[in-house]
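Next up, run13.tsv (TSV, C-alpha atoms):
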chain	number	residue	atom	x	y	z
A	209	MET	CA	0.00	0.00	0.00
A	210	SER	CA	1.41	3.42	-1.00
A	211	GLU	CA	1.94	6.28	1.46
A	212	HIS	CA	-0.97	8.11	-0.18
A	213	GLU	CA	-3.32	5.17	0.39
A	214	THR	CA	-2.13	4.69	3.98
A	215	VAL	CA	-2.73	8.33	4.90
A	216	HIS	CA	-6.02	8.32	3.02
A	217	GLU	CA	-7.18	5.15	4.79
A	218	ALA	CA	-6.22	6.65	8.19
A	219	HIS	CA	-8.21	9.80	7.38
A	220	ALA	CA	-11.24	7.74	6.38
A	221	HIS	CA	-11.08	5.59	9.50
A	222	ALA	CA	-10.94	8.71	11.71
A	223	HIS	CA	-14.65	9.04	10.96
A	224	PRO	CA	-17.29	6.75	12.53
A	225	THR	CA	-18.37	3.49	10.93
A	226	ALA	CA	-21.60	3.04	8.94
A	227	LYS	CA	-23.07	1.20	11.93
A	228	LYS	CA	-22.53	4.24	14.15
A	229	TYR	CA	-24.02	6.57	11.51
A	230	ILE	CA	-27.16	4.40	11.38
A	231	GLY	CA	-27.32	4.38	15.19
A	232	ILE	CA	-27.25	8.21	15.21
A	233	ALA	CA	-30.00	8.27	12.55
A	234	ILE	CA	-32.18	6.01	14.74
A	235	ILE	CA	-31.66	8.33	17.74
A	236	LEU	CA	-32.53	11.38	15.58
A	237	THR	CA	-35.70	9.65	14.36
A	238	ILE	CA	-36.75	8.74	17.91
A	239	ILE	CA	-36.21	12.35	19.07
A	240	THR	CA	-38.30	13.65	16.13
A	241	VAL	CA	-41.11	11.22	16.98
A	242	ILE	CA	-41.01	12.37	20.63
A	243	GLU	CA	-41.13	16.04	19.52
A	244	VAL	CA	-44.21	15.49	17.36
A	245	ALA	CA	-45.90	13.31	20.03
A	246	ILE	CA	-45.35	15.99	22.70
A	247	PHE	CA	-46.90	18.57	20.35
A	248	TYR	CA	-50.15	16.56	20.27
A	249	ILE	CA	-50.37	15.98	24.07
A	250	PRO	CA	-52.35	18.89	25.62
A	251	ALA	CA	-50.96	18.16	29.11
A	252	MET	CA	-47.45	18.88	27.82
A	253	HIS	CA	-48.30	22.31	26.42
A	254	PRO	CA	-47.17	24.33	29.51
A	255	VAL	CA	-43.66	22.88	29.19
A	256	LEU	CA	-43.59	22.70	25.40
A	257	PRO	CA	-40.99	25.47	24.72
A	258	PRO	CA	-38.20	24.24	27.05
A	259	VAL	CA	-38.73	20.56	26.15
A	260	LEU	CA	-38.85	21.12	22.38
A	261	LEU	CA	-35.91	23.54	22.41
A	262	SER	CA	-33.83	21.05	24.41
A	263	LEU	CA	-34.70	18.17	22.06
A	264	SER	CA	-33.93	20.20	18.93
A	265	ALA	CA	-30.63	21.38	20.47
A	266	LEU	CA	-29.77	17.71	21.06
A	267	LYS	CA	-30.57	16.84	17.43
A	268	PHE	CA	-28.55	19.84	16.25
A	269	ALA	CA	-25.55	18.75	18.36
A	270	LEU	CA	-25.73	15.12	17.17
A	271	VAL	CA	-25.74	16.12	13.48
A	272	ALA	CA	-22.93	18.66	13.97
A	273	MET	CA	-20.75	16.33	16.05
A	274	PHE	CA	-21.16	13.05	14.16
A	275	TYR	CA	-22.38	13.83	10.63
A	276	MET	CA	-20.39	17.06	10.23
A	277	HIS	CA	-17.50	15.30	12.04
A	278	LEU	CA	-16.82	18.18	14.45
A	279	LYS	CA	-16.17	15.61	17.20
A	280	PHE	CA	-13.40	14.03	15.15
A	281	ASP	CA	-11.96	16.91	13.11
A	282	HIS	CA	-9.55	19.63	14.17
A	283	ARG	CA	-10.93	21.94	16.88
A	284	LEU	CA	-10.43	24.95	14.64
A	285	PHE	CA	-13.55	23.92	12.68
A	286	SER	CA	-15.61	23.75	15.88
A	287	TRP	CA	-14.57	27.30	16.74
A	288	VAL	CA	-15.30	28.57	13.23
A	289	PHE	CA	-18.81	27.11	13.57
A	290	VAL	CA	-19.62	27.71	17.26
A	291	VAL	CA	-18.54	31.39	17.45
A	292	PRO	CA	-20.91	32.55	14.64
A	293	MET	CA	-23.61	30.31	16.18
A	294	CYS	CA	-23.21	32.23	19.45
A	295	PHE	CA	-23.36	35.51	17.50
A	296	ALA	CA	-26.54	34.35	15.75
A	297	THR	CA	-28.13	33.37	19.08
A	298	ALA	CA	-27.10	36.71	20.59
A	299	ILE	CA	-28.62	38.55	17.60
A	300	ILE	CA	-31.92	36.66	18.03
A	301	LEU	CA	-32.08	37.30	21.79
A	302	ALA	CA	-31.05	40.96	21.46
A	303	LEU	CA	-33.63	41.69	18.75
A	304	LEU	CA	-36.39	39.87	20.66
A	305	THR	CA	-35.59	41.87	23.80
A	306	LEU	CA	-35.35	45.15	21.91
A	307	PHE	CA	-38.67	44.69	20.09
A	308	SER	CA	-40.54	43.40	23.14
A	309	LEU	CA	-39.38	46.52	25.07
A	310	SER	CA	-40.39	48.88	22.26
A	311	HIS	CA	-43.84	47.23	22.00
A	312	ARG	CA	-44.38	47.60	25.76
A	313	SER	CA	-43.49	51.29	25.67
B	200	MET	CA	-9.74	4.79	20.13
B	201	SER	CA	-9.38	7.84	22.35
B	202	ASP	CA	-10.74	11.20	21.27
B	203	ALA	CA	-7.22	12.66	21.36
B	204	ALA	CA	-5.95	9.96	19.01
B	205	VAL	CA	-8.88	10.45	16.68
B	206	ALA	CA	-8.40	14.23	16.75
B	207	THR	CA	-4.74	13.76	15.82
B	208	MET	CA	-5.71	11.50	12.92
B	209	GLY	CA	-8.28	14.03	11.81
B	210	ALA	CA	-5.54	16.67	11.74
B	211	VAL	CA	-3.46	14.60	9.31
B	212	PRO	CA	-4.00	16.06	5.86
B	213	ALA	CA	-4.94	13.48	3.27
B	214	ALA	CA	-2.24	13.24	0.62
B	215	HIS	CA	-4.05	15.22	-2.04
B	216	ASP	CA	-1.57	16.88	-4.33
B	217	ASP	CA	-4.05	19.44	-5.64
B	218	HIS	CA	-5.19	20.64	-2.18
B	219	HIS	CA	-3.68	23.58	-0.32
B	220	TYR	CA	-3.05	23.41	3.40
B	221	THR	CA	-2.80	26.24	5.89
B	222	SER	CA	-0.23	26.52	8.70
B	223	THR	CA	-2.73	24.65	10.90
B	224	GLY	CA	-2.31	21.58	8.65
B	225	GLN	CA	-5.94	21.84	7.56
B	226	SER	CA	-7.21	22.21	4.02
B	227	SER	CA	-7.73	25.86	3.14
B	228	ARG	CA	-10.89	24.94	1.20
B	229	LYS	CA	-12.37	23.26	4.25
B	230	ILE	CA	-11.58	26.24	6.49
B	231	VAL	CA	-13.08	28.65	3.95
B	232	PHE	CA	-16.20	26.49	3.71
B	233	TRP	CA	-16.61	26.31	7.48
B	234	THR	CA	-16.29	30.12	7.55
B	235	PHE	CA	-19.04	30.31	4.91
B	236	ILE	CA	-21.23	28.04	7.08
B	237	GLY	CA	-20.53	30.37	10.03
B	238	SER	CA	-21.77	33.32	7.97
B	239	GLU	CA	-24.84	31.30	6.98
B	240	CYS	CA	-25.58	30.76	10.69
B	241	MET	CA	-25.85	34.52	11.13
B	242	PHE	CA	-27.92	34.86	7.94
B	243	PHE	CA	-30.50	32.31	9.08
B	244	GLY	CA	-30.25	33.66	12.64
B	245	SER	CA	-31.41	37.05	11.34
B	246	LEU	CA	-34.31	35.51	9.39
B	247	ILE	CA	-35.40	33.45	12.42
B	248	ALA	CA	-35.17	36.56	14.64
B	249	THR	CA	-37.35	38.50	12.17
B	250	TYR	CA	-39.95	35.70	12.19
B	251	LEU	CA	-40.01	35.53	15.99
B	252	ILE	CA	-40.26	39.34	16.39
B	253	TYR	CA	-43.38	39.51	14.21
B	254	LYS	CA	-44.88	36.27	15.54
B	255	GLY	CA	-48.50	36.79	16.65
B	256	LYS	CA	-48.59	40.38	15.32
B	257	SER	CA	-50.55	39.69	12.12
B	258	LEU	CA	-53.76	41.74	11.97
B	259	GLU	CA	-55.64	39.26	9.76
B	260	GLY	CA	-55.51	35.51	9.04
B	261	PRO	CA	-54.75	32.86	8.11
B	262	MET	CA	-52.77	32.36	11.33
B	263	PRO	CA	-50.05	29.69	11.77
B	264	HIS	CA	-52.22	27.33	13.87
B	265	GLU	CA	-54.96	27.45	11.19
B	266	ILE	CA	-52.78	26.55	8.26
B	267	LEU	CA	-49.54	24.74	9.21
B	268	ASN	CA	-49.62	21.01	8.42
B	269	ILE	CA	-47.61	19.22	11.15
B	270	PRO	CA	-47.87	15.62	9.80
B	271	LEU	CA	-46.60	16.72	6.36
B	272	THR	CA	-43.76	18.80	7.82
B	273	SER	CA	-42.81	16.02	10.25
B	274	PHE	CA	-42.36	13.76	7.25
B	275	SER	CA	-40.23	16.47	5.56
B	276	ALA	CA	-38.08	16.70	8.72
B	277	PHE	CA	-37.67	12.90	8.76
B	278	ASP	CA	-36.84	12.94	5.03
B	279	LEU	CA	-34.08	15.53	5.52
B	280	LEU	CA	-32.65	13.70	8.56
B	281	MET	CA	-32.43	10.48	6.53
B	282	SER	CA	-30.74	12.37	3.69
B	283	SER	CA	-28.03	13.38	6.18
B	284	LEU	CA	-27.49	9.69	6.94
B	285	THR	CA	-27.22	8.77	3.25
B	286	MET	CA	-24.83	11.72	2.72
B	287	VAL	CA	-22.35	10.43	5.32
B	288	LEU	CA	-22.67	6.94	3.85
B	289	ALA	CA	-21.80	8.39	0.41
B	290	LEU	CA	-18.74	10.11	1.90
B	291	ALA	CA	-17.69	6.89	3.66
B	292	GLY	CA	-18.02	5.07	0.32
B	293	ILE	CA	-15.79	7.61	-1.47
B	294	GLN	CA	-13.19	7.56	1.32
B	295	ARG	CA	-13.04	3.75	1.23
B	296	ALA	CA	-12.89	3.75	-2.61
B	297	LYS	CA	-16.23	1.92	-2.88
B	298	MET	CA	-17.54	3.87	-5.86
B	299	GLY	CA	-20.72	1.84	-6.34
B	300	GLN	CA	-21.75	2.52	-2.75
B	301	ALA	CA	-20.84	6.21	-3.09
B	302	ARG	CA	-22.91	6.59	-6.28
B	303	LEU	CA	-25.91	4.84	-4.74
B	304	TRP	CA	-25.95	7.02	-1.61
B	305	LEU	CA	-25.29	10.25	-3.54
B	306	ALA	CA	-28.29	9.47	-5.75
B	307	VAL	CA	-30.47	8.59	-2.74
B	308	THR	CA	-29.43	11.80	-0.94
B	309	ALA	CA	-30.26	13.94	-4.00
B	310	THR	CA	-33.60	12.14	-4.41
B	311	LEU	CA	-34.52	12.72	-0.75
B	312	GLY	CA	-33.61	16.38	-1.23
B	313	MET	CA	-35.91	16.53	-4.27
B	314	VAL	CA	-38.72	14.96	-2.21
B	315	PHE	CA	-38.21	17.70	0.42
B	316	VAL	CA	-38.35	20.46	-2.20
B	317	GLY	CA	-41.43	18.84	-3.77
B	318	LEU	CA	-43.22	18.74	-0.41
B	319	GLN	CA	-42.34	22.37	0.22
B	320	ALA	CA	-43.68	23.34	-3.23
B	321	TYR	CA	-46.90	21.44	-2.41
B	322	GLU	CA	-47.12	23.20	0.99
B	323	PHE	CA	-46.62	26.67	-0.54
B	324	THR	CA	-49.18	25.97	-3.30
B	325	HIS	CA	-51.71	24.77	-0.70
B	326	PHE	CA	-51.11	27.90	1.41
B	327	VAL	CA	-51.67	30.19	-1.59
B	328	HIS	CA	-54.94	28.37	-2.35
B	329	GLU	CA	-55.93	28.99	1.30
B	330	GLY	CA	-55.33	32.71	0.77
B	331	LEU	CA	-51.90	33.02	2.39
B	332	PHE	CA	-50.10	35.18	-0.18
B	333	LEU	CA	-46.65	36.64	0.48
B	334	GLN	CA	-48.09	40.10	1.19
B	335	LYS	CA	-51.17	38.84	3.11
B	336	ASN	CA	-49.85	39.45	6.63
B	337	LEU	CA	-46.66	39.55	8.74
B	338	PHE	CA	-46.75	35.79	9.29
B	339	ALA	CA	-46.91	35.08	5.53
B	340	CYS	CA	-44.10	37.49	4.73
B	341	THR	CA	-41.65	36.25	7.38
B	342	PHE	CA	-42.64	32.58	6.91
B	343	TYR	CA	-42.17	32.55	3.12
B	344	VAL	CA	-38.87	34.44	3.27
B	345	LEU	CA	-37.38	32.12	5.91
B	346	THR	CA	-38.61	28.77	4.56
B	347	GLY	CA	-38.17	29.95	0.96
B	348	PHE	CA	-34.48	30.74	1.55
B	349	HIS	CA	-34.06	27.36	3.20
B	350	GLY	CA	-35.78	25.63	0.26
B	351	THR	CA	-33.46	27.49	-2.13
B	352	HIS	CA	-30.48	26.18	-0.17
B	353	VAL	CA	-31.85	22.63	-0.45
B	354	THR	CA	-32.32	23.09	-4.22
B	355	VAL	CA	-28.71	24.27	-4.60
B	356	GLY	CA	-27.62	21.22	-2.57
B	357	VAL	CA	-29.60	18.87	-4.83
B	358	ILE	CA	-27.95	20.35	-7.96
B	359	TRP	CA	-24.53	20.04	-6.29
B	360	LEU	CA	-25.22	16.39	-5.36
B	361	TRP	CA	-26.24	15.45	-8.91
B	362	THR	CA	-23.09	17.20	-10.20
B	363	LEU	CA	-20.99	15.03	-7.87
B	364	PHE	CA	-22.95	11.94	-8.93
B	365	ILE	CA	-22.14	12.62	-12.60
B	366	GLY	CA	-18.54	13.38	-11.58
B	367	THR	CA	-18.12	9.85	-10.21
B	368	PHE	CA	-18.76	8.51	-13.73
B	369	THR	CA	-16.52	10.99	-15.56
B	370	GLY	CA	-13.65	10.39	-13.12
B	371	ARG	CA	-13.66	13.92	-11.67
B	372	ILE	CA	-14.85	12.59	-8.30
B	373	GLY	CA	-13.03	9.69	-6.67
B	374	PRO	CA	-11.13	8.63	-3.55
B	375	LYS	CA	-8.30	11.07	-4.38
B	376	ASN	CA	-10.59	14.10	-4.16
B	377	ASP	CA	-13.02	13.02	-1.46
B	378	LEU	CA	-12.79	16.58	-0.06
B	379	ASP	CA	-15.23	17.68	-2.80
B	380	VAL	CA	-17.81	15.24	-1.41
B	381	GLU	CA	-16.96	16.13	2.20
B	382	ILE	CA	-17.53	19.85	1.56
B	383	CYS	CA	-20.84	19.16	-0.20
B	384	GLY	CA	-21.73	16.98	2.81
B	385	LEU	CA	-20.97	19.83	5.22
B	386	TYR	CA	-23.33	22.08	3.25
B	387	TRP	CA	-26.01	19.40	3.20
B	388	HIS	CA	-25.80	18.74	6.95
B	389	PHE	CA	-25.92	22.48	7.62
B	390	VAL	CA	-29.14	22.71	5.61
B	391	ASP	CA	-30.44	19.84	7.77
B	392	VAL	CA	-29.56	21.52	11.10
B	393	VAL	CA	-31.22	24.74	9.93
B	394	TRP	CA	-34.39	22.74	9.27
B	395	ILE	CA	-34.15	21.21	12.77
B	396	ALA	CA	-34.32	24.77	14.15
B	397	ILE	CA	-37.08	25.91	11.74
B	398	PHE	CA	-39.21	22.81	12.40
B	399	THR	CA	-39.16	23.45	16.15
B	400	LEU	CA	-39.42	27.25	16.21
B	401	ILE	CA	-42.04	27.70	13.48
B	402	TYR	CA	-44.05	24.50	13.20
B	403	LEU	CA	-44.05	23.02	16.71
B	404	LEU	CA	-43.85	26.20	18.83
B	405	GLN	CA	-46.82	27.98	17.24
The structure given in the file should be rewritten as structure tokens.
Amino acid sequence: MSEHETVHEAHAHAHPTAKKYIGIAIILTIITVIEVAIFYIPAMHPVLPPVLLSLSALKFALVAMFYMHLKFDHRLFSWVFVVPMCFATAIILALLTLFSLSHRS
Amino acid sequence: MSDAAVATMGAVPAAHDDHHYTSTGQSSRKIVFWTFIGSECMFFGSLIATYLIYKGKSLEGPMPHEILNIPLTSFSAFDLLMSSLTMVLALAGIQRAKMGQARLWLAVTATLGMVFVGLQAYEFTHFVHEGLFLQKNLFACTFYVLTGFHGTHVTVGVIWLWTLFIGTFTGRIGPKNDLDVEICGLYWHFVDVVWIAIFTLIYLLQ
């Protein structure tokens, strides 16, 4: 096996196996089913926002870590992704606060 | 294998002669693409913020709870999640030089993307028939702009995937340039995570 193939094989094996990818997909499907089920249960409506936001954050993290390989790749990529994510969240929260204050006044 | 060991392996640049590497040892194309994804986070963050600010402030209907179809959109969400699975399987196929497997999963991913776009086209058409035009109210305006931009991203991804699929036959795409597939995969997964946020914030938290 050439040096190219060895390095290439090592790079490929740094990522999870097909079995693990399918396992993640099953977890994502189960979470989606739970989300939709909770939506249809009237008793869950008072706690709907925190529960649904937590479940979607979990799905988001699973896709980013395993399918986008952030868990296995260089940390630089995580920073390049997470910092703008924090900015985006800050923008959303700041605008919501600003507009809710202006509507009250 | 420990995370540290895996991280070290991930830092090893694949021996691609035509790829450029930065001083970090990482492909410059991959860093640029991650930066683009970062900018897309802020783009969609602004659209989501606009939707949430005007939520419940429409003066006339149809309102979200009267018109949004949760079973249909749940299927769309499932469809896009499965396309993320098939995308990583396509990448694994390319990296392990299993071209048949890579072609199959690329085609399945593109087809699932087309199903998503088709369902969105059906949803929009249905909404227009129900009287929800773009300029009807604040909900319609912010909803169509946000989901429309997302649908456009999915359409671009589908075209990109079919281009890669054809490239596997012409020899342009193969194990030596798996980075092309990996970058397309990053874009596709990003489109998926944006839908995870949209599905929760717009459809489920009405």
Could you please determine the separation between CA of Lys335 (chain B) and CA of Glu239 (chain B) in Å, to one decimal place?
-> 27.7 Å
Identify, on the basis of all atoms listed in the file, every residue whose closest approach to Phe307 (chain A) does not exceed 12 Å; exclude the query and any residue fewer than 6 positions from it along the same chain; express the result as a list in words.
-> Ile300, Leu301 and Ser313 of chain A; Ala248, Thr249, Leu251, Ile252, Tyr253, Lys254 and Lys256 of chain B
Counting all atoms listed in the file, chain A residues within 8 Å of chain B, as a PDB file with C-alpha atoms, in the coordinates of the input:
ATOM      1  CA  HIS A 212      -0.970   8.110  -0.180  1.00  0.00           C
ATOM      2  CA  VAL A 215      -2.730   8.330   4.900  1.00  0.00           C
ATOM      3  CA  HIS A 216      -6.020   8.320   3.020  1.00  0.00           C
ATOM      4  CA  GLU A 217      -7.180   5.150   4.790  1.00  0.00           C
ATOM      5  CA  ALA A 218      -6.220   6.650   8.190  1.00  0.00           C
ATOM      6  CA  HIS A 219      -8.210   9.800   7.380  1.00  0.00           C
ATOM      7  CA  ALA A 220     -11.240   7.740   6.380  1.00  0.00           C
ATOM      8  CA  ALA A 222     -10.940   8.710  11.710  1.00  0.00           C
ATOM      9  CA  ALA A 226     -21.600   3.040   8.940  1.00  0.00           C
ATOM     10  CA  TYR A 229     -24.020   6.570  11.510  1.00  0.00           C
ATOM     11  CA  ILE A 230     -27.160   4.400  11.380  1.00  0.00           C
ATOM     12  CA  ALA A 233     -30.000   8.270  12.550  1.00  0.00           C
ATOM     13  CA  LEU A 236     -32.530  11.380  15.580  1.00  0.00           C
ATOM     14  CA  THR A 237     -35.700   9.650  14.360  1.00  0.00           C
ATOM     15  CA  THR A 240     -38.300  13.650  16.130  1.00  0.00           C
ATOM     16  CA  VAL A 244     -44.210  15.490  17.360  1.00  0.00           C
ATOM     17  CA  PHE A 247     -46.900  18.570  20.350  1.00  0.00           C
ATOM     18  CA  LEU A 256     -43.590  22.700  25.400  1.00  0.00           C
ATOM     19  CA  PRO A 257     -40.990  25.470  24.720  1.00  0.00           C
ATOM     20  CA  LEU A 260     -38.850  21.120  22.380  1.00  0.00           C
ATOM     21  CA  LEU A 261     -35.910  23.540  22.410  1.00  0.00           C
ATOM     22  CA  SER A 264     -33.930  20.200  18.930  1.00  0.00           C
ATOM     23  CA  LYS A 267     -30.570  16.840  17.430  1.00  0.00           C
ATOM     24  CA  PHE A 268     -28.550  19.840  16.250  1.00  0.00           C
ATOM     25  CA  VAL A 271     -25.740  16.120  13.480  1.00  0.00           C
ATOM     26  CA  ALA A 272     -22.930  18.660  13.970  1.00  0.00           C
ATOM     27  CA  TYR A 275     -22.380  13.830  10.630  1.00  0.00           C
ATOM     28  CA  MET A 276     -20.390  17.060  10.230  1.00  0.00           C
ATOM     29  CA  LYS A 279     -16.170  15.610  17.200  1.00  0.00           C
ATOM     30  CA  PHE A 280     -13.400  14.030  15.150  1.00  0.00           C
ATOM     31  CA  ASP A 281     -11.960  16.910  13.110  1.00  0.00           C
ATOM     32  CA  HIS A 282      -9.550  19.630  14.170  1.00  0.00           C
ATOM     33  CA  PHE A 285     -13.550  23.920  12.680  1.00  0.00           C
ATOM     34  CA  VAL A 288     -15.300  28.570  13.230  1.00  0.00           C
ATOM     35  CA  PHE A 289     -18.810  27.110  13.570  1.00  0.00           C
ATOM     36  CA  VAL A 290     -19.620  27.710  17.260  1.00  0.00           C
ATOM     37  CA  VAL A 291     -18.540  31.390  17.450  1.00  0.00           C
ATOM     38  CA  PRO A 292     -20.910  32.550  14.640  1.00  0.00           C
ATOM     39  CA  MET A 293     -23.610  30.310  16.180  1.00  0.00           C
ATOM     40  CA  PHE A 295     -23.360  35.510  17.500  1.00  0.00           C
ATOM     41  CA  ALA A 296     -26.540  34.350  15.750  1.00  0.00           C
ATOM     42  CA  THR A 297     -28.130  33.370  19.080  1.00  0.00           C
ATOM     43  CA  ILE A 299     -28.620  38.550  17.600  1.00  0.00           C
ATOM     44  CA  ILE A 300     -31.920  36.660  18.030  1.00  0.00           C
ATOM     45  CA  LEU A 301     -32.080  37.300  21.790  1.00  0.00           C
ATOM     46  CA  LEU A 303     -33.630  41.690  18.750  1.00  0.00           C
ATOM     47  CA  LEU A 304     -36.390  39.870  20.660  1.00  0.00           C
ATOM     48  CA  PHE A 307     -38.670  44.690  20.090  1.00  0.00           C
ATOM     49  CA  SER A 308     -40.540  43.400  23.140  1.00  0.00           C
TER      50      SER A 308
END
To one decimal in Å, tell me the separation between CA of Val355 (chain B) and CA of Thr369 (chain B).
->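 The value is 21.1 Å.
For the atom pair formed by CA of Val380 (chain B) and CA of Gly312 (chain B), the distance is 15.8 Å, given to one decimal.
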Taking only C-alpha atoms into account, which of B:Ile365, B:Leu378, B:Ala339, B:Ala289 comes nearest Val327 (chain B)?
->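 Closest candidate: B:Ala339.
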For region 250-268 of chain A, supply N, CA and C atoms and report the output as a short mmCIF file (atom, residue, chain, number, x, y, z; two decimals), in the coordinates of the input.
data_model
loop_
_atom_site.label_atom_id
_atom_site.label_comp_id
_atom_site.auth_asym_id
_atom_site.auth_seq_id
_atom_site.Cartn_x
_atom_site.Cartn_y
_atom_site.Cartn_z
N PRO A 250 -51.98 17.60 25.00
CA PRO A 250 -52.35 18.89 25.62
C PRO A 250 -51.71 19.10 26.99
N ALA A 251 -51.54 18.03 27.76
CA ALA A 251 -50.96 18.16 29.11
C ALA A 251 -49.52 18.67 29.07
N MET A 252 -48.86 18.46 27.95
CA MET A 252 -47.45 18.88 27.82
C MET A 252 -47.29 20.34 27.38
N HIS A 253 -48.39 20.96 26.99
CA HIS A 253 -48.30 22.31 26.42
C HIS A 253 -47.65 23.36 27.33
N PRO A 254 -47.85 23.32 28.67
CA PRO A 254 -47.17 24.33 29.51
C PRO A 254 -45.65 24.24 29.44
N VAL A 255 -45.12 23.03 29.22
CA VAL A 255 -43.66 22.88 29.19
C VAL A 255 -43.13 22.67 27.77
N LEU A 256 -43.97 22.95 26.79
CA LEU A 256 -43.59 22.70 25.40
C LEU A 256 -42.31 23.44 24.97
N PRO A 257 -42.20 24.77 25.20
CA PRO A 257 -40.99 25.47 24.72
C PRO A 257 -39.67 24.90 25.27
N PRO A 258 -39.51 24.75 26.60
CA PRO A 258 -38.20 24.24 27.05
C PRO A 258 -37.91 22.82 26.57
N VAL A 259 -38.95 21.96 26.56
CA VAL A 259 -38.73 20.56 26.15
C VAL A 259 -38.36 20.49 24.66
N LEU A 260 -39.12 21.18 23.83
CA LEU A 260 -38.85 21.12 22.38
C LEU A 260 -37.52 21.77 22.03
N LEU A 261 -37.20 22.88 22.70
CA LEU A 261 -35.91 23.54 22.41
C LEU A 261 -34.74 22.65 22.83
N SER A 262 -34.90 21.94 23.95
CA SER A 262 -33.83 21.05 24.41
C SER A 262 -33.65 19.88 23.43
N LEU A 263 -34.78 19.31 22.98
CA LEU A 263 -34.70 18.17 22.06
C LEU A 263 -34.10 18.59 20.71
N SER A 264 -34.49 19.77 20.22
CA SER A 264 -33.93 20.20 18.93
C SER A 264 -32.45 20.55 19.08
N ALA A 265 -32.06 21.09 20.24
CA ALA A 265 -30.63 21.38 20.47
C ALA A 265 -29.83 20.07 20.48
N LEU A 266 -30.44 19.01 21.04
CA LEU A 266 -29.77 17.71 21.06
C LEU A 266 -29.60 17.17 19.64
N LYS A 267 -30.65 17.29 18.82
CA LYS A 267 -30.57 16.84 17.43
C LYS A 267 -29.51 17.63 16.67
N PHE A 268 -29.52 18.94 16.89
CA PHE A 268 -28.55 19.84 16.25
C PHE A 268 -27.12 19.38 16.60
#
